[in-house]
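Here the structure is laid out as structure tokens; the discussion comes afterwards.
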Amino acid sequence: MRLQFRQCTEHEGVSTMKVSRRSTLIAAPVLAGLVGCSKVSEEGADYPTDDLRLIIQADPGGGSDLSSRALAKEMESELGVSVVPENMPGAAGAIAMEYVGEQPADGYVIGFCPVEIAMLNTTQNADVLPENYTFIGQIMLAPGVISVAADSPYATLEDLIEAGASEALTVGTAGAGSIWEAATLGVNSQAGTQFSPVPYDGGAPAVAAAAAGETDAAVSGAGEAIAQGDSVRILGIMHDETMPDLPDTPTFAEAIGEDIQFGGWGGIYTAADLPQGVLATLEAAVRTAVESDSYQEFQENAGNLVVHKDAEEFTTFVQKQFEEFQELLG
């Protein structure tokens, strides 16, 4: 069955774009001078009165960790309390995700929500389901790219796809069950290739392996491939438009006529059934943080796109991604 994986656009009822720096939401008032975490009212008028914990499903220093910390810094000034990052790696993120889902629905434990939240129930049978969470907002997107060594015989994406359709080629990914393994399988499904995923411990090592000739190609985030410099040739972008850092690199749709889109998106989430007043406060704080100059500069330097979806849009998007990955990986 032919599958098409792409970011939602406005005509589908979900807006995906670089955000402007004009905030359209107003944060709920913060009660100053109070200490301790009191019970949150249904309206959320007394929220927040204490610091927040931001659970990160990965080790320090990676993309999820750095994005979370950049956002937390900006959220603090909006909320008037500290937002304390806390790394909780393990089981491809399932440990952190299950933990967040088990916390009280009071808004004091939030988490960085990676694309794998839509995958782990299928790939690892983890108790990670969209209905277990309240999704507050998307904050970034790392579009996928496919790259080869600088001296590879495959000069264009068309060359690589044509070769992969007639023989099995090895493609490095960020590991079994990762978004980049799923992207590789998605290319096979839609473009008719025979790419064989080879797991590495992260996208950057996968690209380095391709640069060294250990694999025929690598699928990774754009920033991870760009960081390899002249040692690799980036052949195609898994997004609906070209990227500022890769102006001469075509999208899959432009190069081979197949609209193949995969990305390492991330957002903020918390436990299910969050009171609406608390959600409105967090939603506004996330949006304001995403719109800040410092956060946008951080993501630009990381080779990522600043993409924002509000709570309603993000919830719809995650549910759709969950269903698509079930079909691809189930």
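Letters for chains follow the order of the structure tokens (A, B, ...), residue numbers begin at 1 for each chain, and ligand numbers begin at 1 in the order shown.
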
Just asking: which residues within segment 86-161 of chain A are strand (DSSP E or B) according to DSSP, as a PyMOL selection string?
chain A and resi 86-87+109-114+133-141+143-149

Deliver the residues from the most recent selection as a file, using C-alpha atoms, as a CSV table (one decimal), in the first residue's frame.
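Once everything was written out, this is selection.csv:
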chain,number,residue,atom,x,y,z
A,86,GLU,CA,15.5,16.6,34.1
A,87,ASN,CA,17.0,13.9,31.9
A,109,VAL,CA,5.5,17.9,35.4
A,110,ILE,CA,5.8,18.5,31.6
A,111,GLY,CA,8.0,16.8,29.1
A,112,PHE,CA,9.7,17.1,25.7
A,113,CYS,CA,7.6,15.1,23.3
A,114,PRO,CA,9.6,13.6,20.4
A,133,TYR,CA,-1.4,12.8,27.3
A,134,THR,CA,-2.3,16.4,26.9
A,135,PHE,CA,-0.3,17.9,24.0
A,136,ILE,CA,0.6,21.5,24.6
A,137,GLY,CA,2.4,22.5,21.4
A,138,GLN,CA,4.9,21.6,18.8
A,139,ILE,CA,8.2,23.6,19.1
A,140,MET,CA,10.5,22.4,16.3
A,141,LEU,CA,11.1,20.2,13.3
A,143,PRO,CA,13.6,17.5,8.5
A,144,GLY,CA,15.0,14.2,7.4
A,145,VAL,CA,17.7,14.1,4.6
A,146,ILE,CA,19.4,11.3,2.8
A,147,SER,CA,23.2,11.6,2.3
A,148,VAL,CA,26.1,9.7,0.8
A,149,ALA,CA,29.9,9.9,1.0

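For Glu300 of chain A, the residues within 10 Å (counting only C-alpha atoms, excluding itself and residues fewer than 5 positions away along the chain) are A:Gly223, A:Pro244, A:Asp245, A:Ser294, A:Tyr295, A:Leu305, A:Val306.
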
Selection to disk with N, CA, C and O atoms, as a PDB file, in the first residue's frame:
ATOM      1  N   GLY A 223      20.457  18.791  10.263  1.00  0.00           N
ATOM      2  CA  GLY A 223      21.580  19.358  10.993  1.00  0.00           C
ATOM      3  C   GLY A 223      22.711  18.371  11.201  1.00  0.00           C
ATOM      4  O   GLY A 223      23.891  18.744  11.172  1.00  0.00           O
ATOM      5  N   PRO A 244      16.837  26.701   4.034  1.00  0.00           N
ATOM      6  CA  PRO A 244      17.792  27.800   3.840  1.00  0.00           C
ATOM      7  C   PRO A 244      19.253  27.342   3.850  1.00  0.00           C
ATOM      8  O   PRO A 244      20.072  27.878   3.099  1.00  0.00           O
ATOM      9  N   ASP A 245      19.577  26.360   4.694  1.00  0.00           N
ATOM     10  CA  ASP A 245      20.958  25.884   4.763  1.00  0.00           C
ATOM     11  C   ASP A 245      21.319  24.955   3.608  1.00  0.00           C
ATOM     12  O   ASP A 245      22.494  24.642   3.417  1.00  0.00           O
ATOM     13  N   SER A 294      15.961  34.411  20.890  1.00  0.00           N
ATOM     14  CA  SER A 294      17.040  33.503  21.298  1.00  0.00           C
ATOM     15  C   SER A 294      16.710  32.062  20.941  1.00  0.00           C
ATOM     16  O   SER A 294      17.587  31.299  20.505  1.00  0.00           O
ATOM     17  N   TYR A 295      15.446  31.658  21.121  1.00  0.00           N
ATOM     18  CA  TYR A 295      15.071  30.287  20.783  1.00  0.00           C
ATOM     19  C   TYR A 295      15.152  30.070  19.273  1.00  0.00           C
ATOM     20  O   TYR A 295      15.662  29.043  18.812  1.00  0.00           O
ATOM     21  N   LEU A 305      14.144  23.594  11.897  1.00  0.00           N
ATOM     22  CA  LEU A 305      13.130  24.588  11.584  1.00  0.00           C
ATOM     23  C   LEU A 305      12.317  24.887  12.841  1.00  0.00           C
ATOM     24  O   LEU A 305      12.019  23.984  13.616  1.00  0.00           O
ATOM     25  N   VAL A 306      11.973  26.152  13.022  1.00  0.00           N
ATOM     26  CA  VAL A 306      11.088  26.538  14.110  1.00  0.00           C
ATOM     27  C   VAL A 306       9.656  26.386  13.603  1.00  0.00           C
ATOM     28  O   VAL A 306       9.196  27.146  12.760  1.00  0.00           O
TER      29      VAL A 306
END

Selected residue of minimal separation from Gln326 of chain A among A:Ala217, A:Asp65, A:Ser166, A:Ala182, counting only C-alpha atoms
A:Ala182

According to DSSP computed on the backbone, where in segment 57-157 of chain A is there helix (DSSP H, G or I)? Give the residues as JSON, numbers by chain.
{"A": [63, 64, 65, 66, 67, 68, 69, 70, 71, 72, 73, 74, 75, 76, 77, 78, 79, 91, 92, 93, 94, 95, 96, 97, 98, 99, 100, 101, 102, 115, 116, 117, 118, 120, 121, 122, 123, 130, 131, 132, 157]}

If we count only C-alpha atoms, what is near Ala210 of chain A at a cut-off of 12 Å, once residues fewer than 2 positions away on the same chain are taken out, given as a PyMOL selection string?
chain A and resi 146-152+169-173+198-200+203-208+212-220+225+228+231-234

Write a file of the just-selected residues containing C-alpha atoms, as a PDB file, in the first residue's frame.
ATOM      1  CA  ILE A 146      19.448  11.282   2.825  1.00  0.00           C
ATOM      2  CA  SER A 147      23.184  11.627   2.263  1.00  0.00           C
ATOM      3  CA  VAL A 148      26.094   9.700   0.799  1.00  0.00           C
ATOM      4  CA  ALA A 149      29.874   9.948   0.958  1.00  0.00           C
ATOM      5  CA  ALA A 150      31.444  12.775  -1.004  1.00  0.00           C
ATOM      6  CA  ASP A 151      33.070  10.257  -3.345  1.00  0.00           C
ATOM      7  CA  SER A 152      29.958   8.082  -3.695  1.00  0.00           C
ATOM      8  CA  LEU A 169      21.699  -0.914  -0.461  1.00  0.00           C
ATOM      9  CA  THR A 170      22.689  -0.300   3.158  1.00  0.00           C
ATOM     10  CA  VAL A 171      21.453   2.873   4.835  1.00  0.00           C
ATOM     11  CA  GLY A 172      22.670   4.022   8.240  1.00  0.00           C
ATOM     12  CA  THR A 173      20.029   5.190  10.734  1.00  0.00           C
ATOM     13  CA  VAL A 198      21.793  -0.320   9.582  1.00  0.00           C
ATOM     14  CA  PRO A 199      21.436   0.906  13.194  1.00  0.00           C
ATOM     15  CA  TYR A 200      23.925   3.303  14.754  1.00  0.00           C
ATOM     16  CA  GLY A 203      21.985  10.181  13.531  1.00  0.00           C
ATOM     17  CA  ALA A 204      25.423  11.799  13.603  1.00  0.00           C
ATOM     18  CA  PRO A 205      27.299   8.452  13.816  1.00  0.00           C
ATOM     19  CA  ALA A 206      25.123   7.125  10.999  1.00  0.00           C
ATOM     20  CA  VAL A 207      26.111  10.006   8.720  1.00  0.00           C
ATOM     21  CA  ALA A 208      29.762   9.609   9.702  1.00  0.00           C
ATOM     22  CA  ALA A 212      33.513   6.662   5.680  1.00  0.00           C
ATOM     23  CA  GLY A 213      31.957   4.224   3.198  1.00  0.00           C
ATOM     24  CA  GLU A 214      30.638   1.811   5.841  1.00  0.00           C
ATOM     25  CA  THR A 215      27.150   2.132   4.333  1.00  0.00           C
ATOM     26  CA  ASP A 216      25.870   3.229   0.960  1.00  0.00           C
ATOM     27  CA  ALA A 217      23.898   6.127   2.447  1.00  0.00           C
ATOM     28  CA  ALA A 218      22.451   7.532   5.662  1.00  0.00           C
ATOM     29  CA  VAL A 219      19.101   8.963   6.688  1.00  0.00           C
ATOM     30  CA  SER A 220      19.308  11.554   9.469  1.00  0.00           C
ATOM     31  CA  ALA A 225      24.267  15.766   7.938  1.00  0.00           C
ATOM     32  CA  GLN A 228      29.685  16.518   8.471  1.00  0.00           C
ATOM     33  CA  SER A 231      32.690  14.652   3.704  1.00  0.00           C
ATOM     34  CA  VAL A 232      29.124  13.951   2.593  1.00  0.00           C
ATOM     35  CA  ARG A 233      26.837  14.851  -0.270  1.00  0.00           C
ATOM     36  CA  ILE A 234      23.230  15.529   0.797  1.00  0.00           C
TER      37      ILE A 234
END

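Of the residues listed (A:Val307, A:Glu323, A:Gly202, A:Glu162), A:Glu162 shows the shortest atom-to-atom separation from Ile256 of chain A; distances use only C-alpha atoms.
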
Need the shell around Glu102 of chain A: protein/DNA/RNA residues with any atom at most 9 Å away, counting only C-alpha atoms. Skip same-chain ones fewer than 4 positions apart. Format as number ranges by chain?
A: 97-98, 132, 271-272

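Picture a line from atom CA of Ile117 of chain A to atom CA of Gln299 of chain A; it runs 21.1 Å.
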
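Shell of Thr122 of chain A at 9 Å, with only C-alpha atoms counted and residues fewer than 4 places along the chain excluded, is Ala118, Ala126, Phe322, Phe325, Gln326, Leu329 and Gly330 of chain A.
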
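Note that the spacing between atom CA of Glu291 of chain A and atom CA of Glu324 of chain A amounts to 29.4 Å.
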